[in-house]
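Here is the file model-v3.cif (mmCIF, C-alpha atoms and all ligand atoms).
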```cif
data_structure
loop_
_atom_site.group_PDB
_atom_site.id
_atom_site.type_symbol
_atom_site.label_atom_id
_atom_site.label_comp_id
_atom_site.auth_asym_id
_atom_site.auth_seq_id
_atom_site.Cartn_x
_atom_site.Cartn_y
_atom_site.Cartn_z
ATOM 1 C CA MET A 27 6.860 -14.243 6.145
ATOM 2 C CA PRO A 28 7.086 -17.752 7.603
ATOM 3 C CA VAL A 29 9.141 -19.895 5.192
ATOM 4 C CA SER A 30 9.985 -22.843 7.450
ATOM 5 C CA PHE A 31 7.691 -25.127 5.438
ATOM 6 C CA ILE A 32 9.677 -24.645 2.193
ATOM 7 C CA PRO A 33 12.095 -27.586 1.721
ATOM 8 C CA ALA A 34 15.658 -26.202 1.818
ATOM 9 C CA ASN A 35 19.237 -27.183 2.618
ATOM 10 C CA GLY A 36 19.667 -24.084 4.726
ATOM 11 C CA ARG A 37 17.756 -20.984 5.788
ATOM 12 C CA TRP A 38 19.057 -17.500 6.493
ATOM 13 C CA ARG A 39 17.321 -14.326 7.511
ATOM 14 C CA ALA A 40 18.711 -11.524 5.323
ATOM 15 C CA ASP A 41 17.807 -8.299 3.589
ATOM 16 C CA GLY A 42 16.536 -9.371 0.131
ATOM 17 C CA TYR A 43 18.312 -6.645 -1.844
ATOM 18 C CA THR A 44 21.652 -7.229 -0.128
ATOM 19 C CA ALA A 45 21.402 -11.019 -0.433
ATOM 20 C CA LEU A 46 20.502 -10.948 -4.142
ATOM 21 C CA SER A 47 23.244 -8.404 -4.913
ATOM 22 C CA GLN A 48 25.780 -10.672 -3.194
ATOM 23 C CA LEU A 49 24.535 -13.776 -5.015
ATOM 24 C CA ASN A 50 24.738 -11.985 -8.365
ATOM 25 C CA ALA A 51 28.244 -10.733 -7.611
ATOM 26 C CA GLN A 52 29.313 -14.282 -6.756
ATOM 27 C CA LEU A 53 27.776 -15.682 -9.949
ATOM 28 C CA LYS A 54 29.649 -13.107 -12.032
ATOM 29 C CA SER A 55 33.019 -13.636 -10.341
ATOM 30 C CA ASN A 56 33.251 -17.438 -10.338
ATOM 31 C CA ASN A 57 34.541 -18.936 -13.632
ATOM 32 C CA LEU A 58 33.012 -22.379 -13.046
ATOM 33 C CA LEU A 59 29.622 -20.859 -12.421
ATOM 34 C CA ILE A 60 29.978 -18.537 -15.430
ATOM 35 C CA GLN A 61 30.705 -21.608 -17.594
ATOM 36 C CA ASP A 62 27.759 -23.585 -16.166
ATOM 37 C CA LEU A 63 25.437 -20.693 -16.822
ATOM 38 C CA GLN A 64 26.276 -20.764 -20.553
ATOM 39 C CA HIS A 65 24.129 -23.902 -20.853
ATOM 40 C CA PRO A 66 21.150 -23.198 -23.153
ATOM 41 C CA LYS A 67 18.681 -24.509 -20.556
ATOM 42 C CA TYR A 68 19.253 -21.350 -18.470
ATOM 43 C CA LYS A 69 18.496 -19.030 -21.370
ATOM 44 C CA GLU A 70 15.392 -21.069 -22.217
ATOM 45 C CA ARG A 71 14.249 -20.864 -18.601
ATOM 46 C CA TRP A 72 14.910 -17.111 -18.503
ATOM 47 C CA ASP A 73 12.980 -16.525 -21.733
ATOM 48 C CA ASP A 74 10.130 -18.703 -20.481
ATOM 49 C CA LEU A 75 9.974 -16.776 -17.192
ATOM 50 C CA GLY A 76 9.969 -13.500 -19.143
ATOM 51 C CA LYS A 77 7.026 -14.632 -21.258
ATOM 52 C CA LYS A 78 5.060 -15.836 -18.239
ATOM 53 C CA HIS A 79 5.714 -12.554 -16.483
ATOM 54 C CA GLU A 80 4.589 -10.515 -19.486
ATOM 55 C CA GLY A 81 1.408 -12.595 -19.725
ATOM 56 C CA ARG A 82 0.686 -12.138 -16.026
ATOM 57 C CA VAL A 83 1.272 -8.363 -16.158
ATOM 58 C CA SER A 84 -0.925 -8.038 -19.211
ATOM 59 C CA ALA A 85 -3.767 -10.021 -17.544
ATOM 60 C CA ILE A 86 -3.462 -8.004 -14.319
ATOM 61 C CA SER A 87 -3.515 -4.701 -16.226
ATOM 62 C CA LYS A 88 -6.866 -5.597 -17.761
ATOM 63 C CA LEU A 89 -8.568 -6.334 -14.410
ATOM 64 C CA PRO A 90 -9.562 -2.869 -13.130
ATOM 65 C CA ASN A 91 -12.790 -1.368 -14.389
ATOM 66 C CA LEU A 92 -11.842 2.282 -14.954
ATOM 67 C CA ASN A 93 -15.102 3.439 -16.514
ATOM 68 C CA PHE A 94 -16.032 6.783 -14.993
ATOM 69 C CA GLU A 95 -19.342 5.435 -13.705
ATOM 70 C CA ALA A 96 -17.861 2.286 -12.117
ATOM 71 C CA GLN A 97 -17.745 1.682 -8.358
ATOM 72 C CA LEU A 98 -14.275 1.856 -6.828
ATOM 73 C CA THR A 99 -12.412 -1.361 -6.054
ATOM 74 C CA ALA A 100 -8.949 -1.994 -4.673
ATOM 75 C CA LEU A 101 -7.895 -2.766 -8.253
ATOM 76 C CA SER A 102 -9.112 0.529 -9.683
ATOM 77 C CA ILE A 103 -7.645 2.481 -6.759
ATOM 78 C CA GLY A 104 -4.256 0.850 -7.372
ATOM 79 C CA ALA A 105 -4.429 1.499 -11.117
ATOM 80 C CA LEU A 106 -5.427 5.168 -10.703
ATOM 81 C CA LEU A 107 -2.764 5.868 -8.087
ATOM 82 C CA GLY A 108 -0.204 4.378 -10.461
ATOM 83 C CA ARG A 109 -1.534 6.481 -13.333
ATOM 84 C CA HIS A 110 -1.496 9.837 -11.501
ATOM 85 C CA LEU A 111 1.262 9.713 -8.874
ATOM 86 C CA PRO A 112 4.944 10.016 -9.834
ATOM 87 C CA SER A 113 6.745 6.696 -10.309
ATOM 88 C CA ASP A 114 9.059 7.385 -7.364
ATOM 89 C CA THR A 115 6.164 7.793 -4.912
ATOM 90 C CA VAL A 116 6.774 6.027 -1.603
ATOM 91 C CA TYR A 117 3.809 3.841 -0.621
ATOM 92 C CA ILE A 118 3.052 2.993 2.993
ATOM 93 C CA VAL A 119 0.605 0.103 2.765
ATOM 94 C CA GLU A 120 -1.494 -1.364 5.558
ATOM 95 C CA ALA A 121 -4.245 -2.658 3.326
ATOM 96 C CA ALA A 122 -4.787 -6.184 4.716
ATOM 97 C CA THR A 123 -6.983 -8.125 2.279
ATOM 98 C CA CYS A 124 -6.747 -5.416 -0.425
ATOM 99 C CA ALA A 125 -2.940 -5.246 -0.424
ATOM 100 C CA GLN A 126 -2.369 -7.861 -3.132
ATOM 101 C CA SER A 127 -4.694 -6.161 -5.647
ATOM 102 C CA ILE A 128 -3.064 -2.787 -5.025
ATOM 103 C CA SER A 129 0.446 -4.198 -5.230
ATOM 104 C CA ASP A 130 -0.415 -5.969 -8.505
ATOM 105 C CA GLN A 131 -1.584 -2.716 -10.066
ATOM 106 C CA LEU A 132 1.230 -0.499 -8.775
ATOM 107 C CA ARG A 133 4.126 -2.905 -9.286
ATOM 108 C CA SER A 134 6.586 -0.597 -7.463
ATOM 109 C CA GLU A 135 10.146 -1.319 -8.479
ATOM 110 C CA ILE A 136 12.259 1.231 -6.629
ATOM 111 C CA PRO A 137 13.843 -0.205 -3.464
ATOM 112 C CA GLY A 138 12.336 1.427 -0.383
ATOM 113 C CA SER A 139 9.228 2.655 -2.193
ATOM 114 C CA TRP A 140 6.891 -0.036 -0.784
ATOM 115 C CA ILE A 141 6.687 -0.213 2.997
ATOM 116 C CA ASN A 142 4.080 -2.675 4.179
ATOM 117 C CA ALA A 143 5.184 -4.431 7.323
ATOM 118 C CA GLY A 144 5.536 -1.737 9.924
ATOM 119 C CA GLY A 145 4.177 -3.935 12.684
ATOM 120 C CA THR A 146 1.937 -6.881 13.480
ATOM 121 C CA GLY A 147 -0.626 -4.858 15.408
ATOM 122 C CA ILE A 148 -2.937 -3.023 13.025
ATOM 123 C CA GLY A 149 -2.836 0.772 13.201
ATOM 124 C CA TRP A 150 0.925 1.189 12.716
ATOM 125 C CA SER A 151 0.771 3.007 9.396
ATOM 126 C CA ASN A 152 -0.687 6.365 10.483
ATOM 127 C CA GLY A 153 2.510 7.110 12.393
ATOM 128 C CA VAL A 154 4.830 5.443 9.891
ATOM 129 C CA ALA A 155 3.467 7.484 6.960
ATOM 130 C CA LEU A 156 4.066 10.774 8.769
ATOM 131 C CA GLY A 157 7.549 9.646 9.836
ATOM 132 C CA ALA A 158 8.420 8.509 6.311
ATOM 133 C CA LYS A 159 7.461 11.896 4.841
ATOM 134 C CA LEU A 160 9.425 13.812 7.482
ATOM 135 C CA GLY A 161 12.428 11.545 6.910
ATOM 136 C CA LEU A 162 12.304 11.845 3.117
ATOM 137 C CA ASP A 163 11.968 15.622 3.310
ATOM 138 C CA ALA A 164 14.991 15.860 5.572
ATOM 139 C CA ILE A 165 17.104 13.923 3.062
ATOM 140 C CA ARG A 166 15.639 15.755 0.082
ATOM 141 C CA ASN A 167 16.388 19.123 1.582
ATOM 142 C CA SER A 168 20.100 18.407 1.742
ATOM 143 C CA ALA A 169 20.510 16.150 -1.330
ATOM 144 C CA GLY A 170 17.826 17.863 -3.414
ATOM 145 C CA LYS A 171 16.387 14.840 -5.216
ATOM 146 C CA ASN A 172 14.348 12.559 -2.990
ATOM 147 C CA PRO A 173 10.794 11.432 -3.693
ATOM 148 C CA LYS A 174 8.293 14.038 -2.662
ATOM 149 C CA TYR A 175 5.109 11.971 -2.561
ATOM 150 C CA VAL A 176 4.175 9.665 0.267
ATOM 151 C CA CYS A 177 0.960 7.772 -0.390
ATOM 152 C CA HIS A 178 -0.492 5.965 2.561
ATOM 153 C CA ILE A 179 -3.088 3.247 1.864
ATOM 154 C CA MET A 180 -4.893 1.531 4.711
ATOM 155 C CA GLY A 181 -7.964 -0.542 5.495
ATOM 156 C CA ASP A 182 -10.819 1.049 7.416
ATOM 157 C CA GLY A 183 -10.288 -1.304 10.374
ATOM 158 C CA SER A 184 -6.594 -0.479 10.518
ATOM 159 C CA TYR A 185 -7.401 3.226 10.276
ATOM 160 C CA MET A 186 -9.702 2.950 13.306
ATOM 161 C CA CYS A 187 -6.930 1.221 15.279
ATOM 162 C CA GLY A 188 -4.291 3.849 14.443
ATOM 163 C CA SER A 189 -5.470 6.887 16.437
ATOM 164 C CA PRO A 190 -6.632 8.586 13.221
ATOM 165 C CA ALA A 191 -7.625 11.855 14.880
ATOM 166 C CA SER A 192 -4.203 12.254 16.498
ATOM 167 C CA ALA A 193 -2.453 11.456 13.208
ATOM 168 C CA ALA A 194 -4.564 13.996 11.283
ATOM 169 C CA TRP A 195 -3.956 16.659 13.907
ATOM 170 C CA VAL A 196 -0.183 16.051 13.827
ATOM 171 C CA ALA A 197 -0.195 16.211 9.993
ATOM 172 C CA ALA A 198 -2.049 19.536 10.054
ATOM 173 C CA LYS A 199 -0.092 21.050 12.912
ATOM 174 C CA TYR A 200 3.322 20.177 11.458
ATOM 175 C CA LYS A 201 2.263 20.592 7.812
ATOM 176 C CA VAL A 202 3.187 17.049 6.778
ATOM 177 C CA SER A 203 1.634 16.613 3.339
ATOM 178 C CA ILE A 204 0.872 12.974 2.700
ATOM 179 C CA LEU A 205 -1.975 11.387 0.744
ATOM 180 C CA THR A 206 -3.947 8.841 2.787
ATOM 181 C CA VAL A 207 -6.442 6.507 1.108
ATOM 182 C CA VAL A 208 -8.755 4.702 3.548
ATOM 183 C CA LEU A 209 -10.258 1.585 1.942
ATOM 184 C CA ASN A 210 -13.738 1.394 3.361
ATOM 185 C CA ASN A 211 -14.988 -2.144 2.777
ATOM 186 C CA GLY A 212 -17.074 -1.853 5.938
ATOM 187 C CA ASP A 213 -15.437 -4.561 7.954
ATOM 188 C CA TRP A 214 -12.420 -6.345 9.280
ATOM 189 C CA ASN A 215 -12.238 -8.721 6.345
ATOM 190 C CA ALA A 216 -8.928 -10.352 7.295
ATOM 191 C CA PRO A 217 -10.202 -12.379 10.278
ATOM 192 C CA ARG A 218 -12.895 -13.890 8.048
ATOM 193 C CA ASN A 219 -10.252 -14.828 5.464
ATOM 194 C CA SER A 220 -7.950 -16.420 8.013
ATOM 195 C CA THR A 221 -10.802 -18.288 9.714
ATOM 196 C CA LEU A 222 -11.950 -19.677 6.365
ATOM 197 C CA LEU A 223 -8.398 -20.679 5.445
ATOM 198 C CA ALA A 224 -8.226 -22.794 8.609
ATOM 199 C CA HIS A 225 -11.864 -23.978 8.616
ATOM 200 C CA PRO A 226 -13.271 -23.629 5.083
ATOM 201 C CA ASP A 227 -16.495 -25.438 5.996
ATOM 202 C CA GLY A 228 -16.787 -24.197 9.575
ATOM 203 C CA PRO A 229 -19.526 -21.974 11.030
ATOM 204 C CA ALA A 230 -17.737 -18.820 9.772
ATOM 205 C CA ALA A 231 -18.586 -19.850 6.210
ATOM 206 C CA GLU A 232 -22.284 -19.407 7.040
ATOM 207 C CA VAL A 233 -22.464 -16.347 9.288
ATOM 208 C CA SER A 234 -22.750 -12.624 8.585
ATOM 209 C CA ASN A 235 -20.149 -9.991 9.429
ATOM 210 C CA GLU A 236 -22.390 -8.864 12.301
ATOM 211 C CA ASP A 237 -22.410 -12.369 13.743
ATOM 212 C CA MET A 238 -18.634 -12.586 13.445
ATOM 213 C CA ASN A 239 -18.327 -9.180 15.151
ATOM 214 C CA ILE A 240 -16.210 -7.852 12.298
ATOM 215 C CA SER A 241 -18.733 -5.393 10.834
ATOM 216 C CA PHE A 242 -18.247 -1.598 10.890
ATOM 217 C CA PHE A 243 -21.867 -0.896 10.077
ATOM 218 C CA PRO A 244 -22.888 1.879 10.407
ATOM 219 C CA SER A 245 -19.672 3.150 8.886
ATOM 220 C CA PRO A 246 -18.012 6.198 10.451
ATOM 221 C CA ARG A 247 -17.331 9.070 8.070
ATOM 222 C CA HIS A 248 -13.572 8.775 8.004
ATOM 223 C CA SER A 249 -13.022 11.975 6.037
ATOM 224 C CA GLY A 250 -15.084 13.778 8.700
ATOM 225 C CA ILE A 251 -12.807 12.488 11.464
ATOM 226 C CA THR A 252 -9.764 13.738 9.545
ATOM 227 C CA LEU A 253 -11.303 17.096 8.790
ATOM 228 C CA ALA A 254 -12.496 17.709 12.353
ATOM 229 C CA ALA A 255 -9.145 16.685 13.839
ATOM 230 C CA SER A 256 -7.199 18.958 11.503
ATOM 231 C CA GLY A 257 -9.159 22.063 12.420
ATOM 232 C CA GLY A 258 -12.394 21.601 10.511
ATOM 233 C CA PRO A 259 -13.590 23.176 7.284
ATOM 234 C CA GLY A 260 -12.713 26.747 6.458
ATOM 235 C CA ARG A 261 -9.089 26.169 5.701
ATOM 236 C CA THR A 262 -8.091 26.838 2.124
ATOM 237 C CA LEU A 263 -6.499 24.363 -0.235
ATOM 238 C CA GLY A 264 -2.877 23.759 0.675
ATOM 239 C CA GLU A 265 -3.228 25.109 4.200
ATOM 240 C CA GLY A 266 -5.262 22.528 6.104
ATOM 241 C CA LEU A 267 -6.030 18.910 5.382
ATOM 242 C CA LEU A 268 -8.145 18.063 2.390
ATOM 243 C CA ALA A 269 -10.522 15.181 3.156
ATOM 244 C CA ARG A 270 -13.122 13.607 0.870
ATOM 245 C CA THR A 271 -15.358 10.551 0.783
ATOM 246 C CA VAL A 272 -15.580 9.027 -2.693
ATOM 247 C CA ALA A 273 -17.344 5.969 -4.073
ATOM 248 C CA GLY A 274 -16.831 5.955 -7.826
ATOM 249 C CA VAL A 275 -13.940 6.025 -10.278
ATOM 250 C CA ARG A 276 -14.721 9.545 -11.508
ATOM 251 C CA ASP A 277 -14.878 10.972 -7.949
ATOM 252 C CA PHE A 278 -11.671 9.259 -6.976
ATOM 253 C CA GLU A 279 -9.773 10.484 -10.015
ATOM 254 C CA ASP A 280 -10.997 14.074 -9.553
ATOM 255 C CA THR A 281 -10.127 14.005 -5.858
ATOM 256 C CA LEU A 282 -6.721 12.527 -6.554
ATOM 257 C CA LYS A 283 -5.928 15.385 -8.943
ATOM 258 C CA GLU A 284 -7.099 17.885 -6.328
ATOM 259 C CA ALA A 285 -4.943 16.207 -3.673
ATOM 260 C CA ILE A 286 -1.898 16.326 -5.963
ATOM 261 C CA ARG A 287 -2.459 20.057 -6.501
ATOM 262 C CA ALA A 288 -2.681 20.500 -2.723
ATOM 263 C CA VAL A 289 0.628 18.681 -2.202
ATOM 264 C CA GLU A 290 2.263 20.736 -4.952
ATOM 265 C CA ALA A 291 0.984 23.965 -3.375
ATOM 266 C CA ARG A 292 2.375 22.919 -0.007
ATOM 267 C CA GLU A 293 5.712 21.759 -1.414
ATOM 268 C CA ASP A 294 6.305 24.961 -3.377
ATOM 269 C CA ARG A 295 6.175 26.985 -0.196
ATOM 270 C CA PRO A 296 9.462 27.697 1.609
HETATM 271 C C1 LIG B 301 -4.138 -4.897 17.264
HETATM 272 C C2 LIG B 301 -4.578 -5.978 16.320
HETATM 273 N N1 LIG B 301 -5.815 -6.496 16.436
HETATM 274 C C3 LIG B 301 -6.224 -7.444 15.574
HETATM 275 C C4 LIG B 301 -5.396 -7.905 14.590
HETATM 276 C C5 LIG B 301 -5.850 -8.978 13.605
HETATM 277 N N2 LIG B 301 -6.132 -8.361 12.317
HETATM 278 C C6 LIG B 301 -5.259 -8.398 11.288
HETATM 279 S S1 LIG B 301 -5.817 -7.623 9.902
HETATM 280 C C7 LIG B 301 -7.280 -7.232 10.698
HETATM 281 C C8 LIG B 301 -8.378 -6.499 9.996
HETATM 282 C C9 LIG B 301 -7.917 -5.295 9.246
HETATM 283 O O1 LIG B 301 -9.067 -4.645 8.785
HETATM 284 P P1 LIG B 301 -8.999 -3.612 7.616
HETATM 285 O O2 LIG B 301 -7.843 -2.711 7.820
HETATM 286 O O3 LIG B 301 -10.335 -2.999 7.474
HETATM 287 O O4 LIG B 301 -8.648 -4.473 6.324
HETATM 288 P P2 LIG B 301 -9.548 -5.624 5.644
HETATM 289 O O5 LIG B 301 -9.288 -6.853 6.497
HETATM 290 O O6 LIG B 301 -10.967 -5.191 5.675
HETATM 291 O O7 LIG B 301 -8.983 -5.773 4.279
HETATM 292 C C10 LIG B 301 -7.296 -7.703 12.005
HETATM 293 C C11 LIG B 301 -8.423 -7.528 12.956
HETATM 294 C C12 LIG B 301 -4.106 -7.337 14.500
HETATM 295 N N3 LIG B 301 -3.242 -7.693 13.539
HETATM 296 N N4 LIG B 301 -3.713 -6.374 15.366
HETATM 297 MG MG MG B 302 -11.789 -3.244 6.079
#
```

Structure rendered as structure tokens:
Amino acid sequence: MPVSFIPANGRWRADGYTALSQLNAQLKSNNLLIQDLQHPKYKERWDDLGKKHEGRVSAISKLPNLNFEAQLTALSIGALLGRHLPSDTVYIVEAATCAQSISDQLRSEIPGSWINAGGTGIGWSNGVALGAKLGLDAIRNSAGKNPKYVCHIMGDGSYMCGSPASAAWVAAKYKVSILTVVLNNGDWNAPRNSTLLAHPDGPAAEVSNEDMNISFFPSPRHSGITLAASGGPGRTLGEGLLARTVAGVRDFEDTLKEAIRAVEAREDRP
């Protein structure tokens, strides 16, 4: 993230977890700082931040429409994944303009469980998701307690750029059981967003997706690509890849449960 525009006395590039751990350790070990921090203004600020955070989380939690008959949105997908997948699921997220809504709903807290910057060129996440699952399994096999679910969420444009057929074939061939959610909003929405950020009243504000050459109409059937690449129909649950196209909350929830059963069936096998 570019931060050069934030006024600061100094700037360092560092791993966030390491840097914050070191800052906290320093705050706890320095008597002058410990004394300063006793000032009531810090407790007031902390309490105020806590209240604001609670308010924000409560407002965000009310956003998704989870009625069975409702159309899917990034918000409802995020909420339902959070409801059904284990809390230590590792998410690989290449969701472009939907990422914020999904992140808001999932609110992952475990370090390493949210991987969303695998590269600047779209299409990186198909490979990263498979690699993450293989890596986690290798650690889990020896230590016995690593997360078993890898959930990969990507935009339809990113999916098209990530050699989806090759990724599906590799997953089937090497029995890598991940859950991939392709967010089909029918276009490359991000270039429209960035153009409008730079030129809010420019020609892009007036033209259609077709005219901006960012439309994916007519939409490919992404689940069909996955199914064909992994050997086609005829495989039984837990043996080949399970691929579905869903549009509504009820369909998504049912499919998610089916996918979880498929992962469990795969994982129980030696
Ligand atoms: C190889 C490459 N081409 C183009 C871009 C610019 N770009 C960034 S996000 C994006 C669109 C992603 O589309 P999609 O995954 O469908 O997500 P959406 O924008 O619809 O939310 C594009 C074209 C890029 N980052 N990398
Ligand atoms: Mg898209």

- Query: When distances are computed from all atoms listed in the file, which of A:Val233, A:Gly212, A:Val196, A:Val272 shows the smallest separation from Ser256 in chain A?
  - Reply: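 Looking at the shortest contact to Ser256 in chain A, the residue is A:Val196.
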
- What does the PyMOL selection byres (((not hetatm)) within 8 of (chain B and resi 302)) select in this file, as a VMD selection string? chain A and resid 122 to 123 181 to 184 209 to 216

- Answer key for the PyMOL selection byres (((chain A and resi 162-165) around 12) and not hetatm), residues as a ChimeraX atom specification: /A:114-116,138-139,154-161,166-176,201-204,293

Write the residues of the preceding selection, restricted to C-alpha atoms, as an mmCIF file, in the frame of the given file.
```
data_model
loop_
_atom_site.group_PDB
_atom_site.id
_atom_site.type_symbol
_atom_site.label_atom_id
_atom_site.label_comp_id
_atom_site.auth_asym_id
_atom_site.auth_seq_id
_atom_site.Cartn_x
_atom_site.Cartn_y
_atom_site.Cartn_z
ATOM 1 C CA ASP A 114 9.059 7.385 -7.364
ATOM 2 C CA THR A 115 6.164 7.793 -4.912
ATOM 3 C CA VAL A 116 6.774 6.027 -1.603
ATOM 4 C CA GLY A 138 12.336 1.427 -0.383
ATOM 5 C CA SER A 139 9.228 2.655 -2.193
ATOM 6 C CA VAL A 154 4.830 5.443 9.891
ATOM 7 C CA ALA A 155 3.467 7.484 6.960
ATOM 8 C CA LEU A 156 4.066 10.774 8.769
ATOM 9 C CA GLY A 157 7.549 9.646 9.836
ATOM 10 C CA ALA A 158 8.420 8.509 6.311
ATOM 11 C CA LYS A 159 7.461 11.896 4.841
ATOM 12 C CA LEU A 160 9.425 13.812 7.482
ATOM 13 C CA GLY A 161 12.428 11.545 6.910
ATOM 14 C CA ARG A 166 15.639 15.755 0.082
ATOM 15 C CA ASN A 167 16.388 19.123 1.582
ATOM 16 C CA SER A 168 20.100 18.407 1.742
ATOM 17 C CA ALA A 169 20.510 16.150 -1.330
ATOM 18 C CA GLY A 170 17.826 17.863 -3.414
ATOM 19 C CA LYS A 171 16.387 14.840 -5.216
ATOM 20 C CA ASN A 172 14.348 12.559 -2.990
ATOM 21 C CA PRO A 173 10.794 11.432 -3.693
ATOM 22 C CA LYS A 174 8.293 14.038 -2.662
ATOM 23 C CA TYR A 175 5.109 11.971 -2.561
ATOM 24 C CA VAL A 176 4.175 9.665 0.267
ATOM 25 C CA LYS A 201 2.263 20.592 7.812
ATOM 26 C CA VAL A 202 3.187 17.049 6.778
ATOM 27 C CA SER A 203 1.634 16.613 3.339
ATOM 28 C CA ILE A 204 0.872 12.974 2.700
ATOM 29 C CA GLU A 293 5.712 21.759 -1.414
#
```

- Contacts of Ser249 in chain A at 6 Å or less, counting all atoms listed in the file, minus same-chain residues fewer than 2 places along, as a list in words?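 What passes the distance filter is Arg247, Ile251, Thr252, Ala269, Arg270 and Thr271 of chain A.
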
- Task: Find the distance between atom N2 of ligand LIG 301 (chain B) and CA of Cys187 in chain A and write it in Å to one decimal.
- Result: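 Distance between the two atoms: 10.1 Å.
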
- Item | Matched chain/residue IDs from the PyMOL selection byres (((chain A and resi 281) around 12) and not hetatm), as a PyMOL selection string | chain A and resi 103+106-107+110+205-207+268-280+282-288

- Query: Nearest to ligand LIG 301 (chain B) among A:Thr146, A:Ser192, A:Ser129, A:Thr221, with distances taken over all atoms listed in the file: which residue is it?
  - Reply: A:Thr146

- Using only C-alpha atoms and all ligand atoms, pick whichever of A:His225, A:Arg109, A:Arg218, A:Arg39 has the shortest atom-to-atom distance to ligand LIG 301 (chain B).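 Looking only at the distances to ligand LIG 301 (chain B), the closest residue turns out to be A:Arg218.
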
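The shortest atom-to-atom distance to Ile179 in chain A, with only C-alpha atoms taken into account, belongs to A:Ala125 out of A:Arg133, A:Ser84, A:Leu89, A:Ala125.
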
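Between ligand LIG 301 (chain B) and the candidates A:Ile141, A:Ala100, A:Lys88, A:Gln131, the tightest atom-to-atom separation, counting only C-alpha atoms and all ligand atoms, involves A:Ala100.
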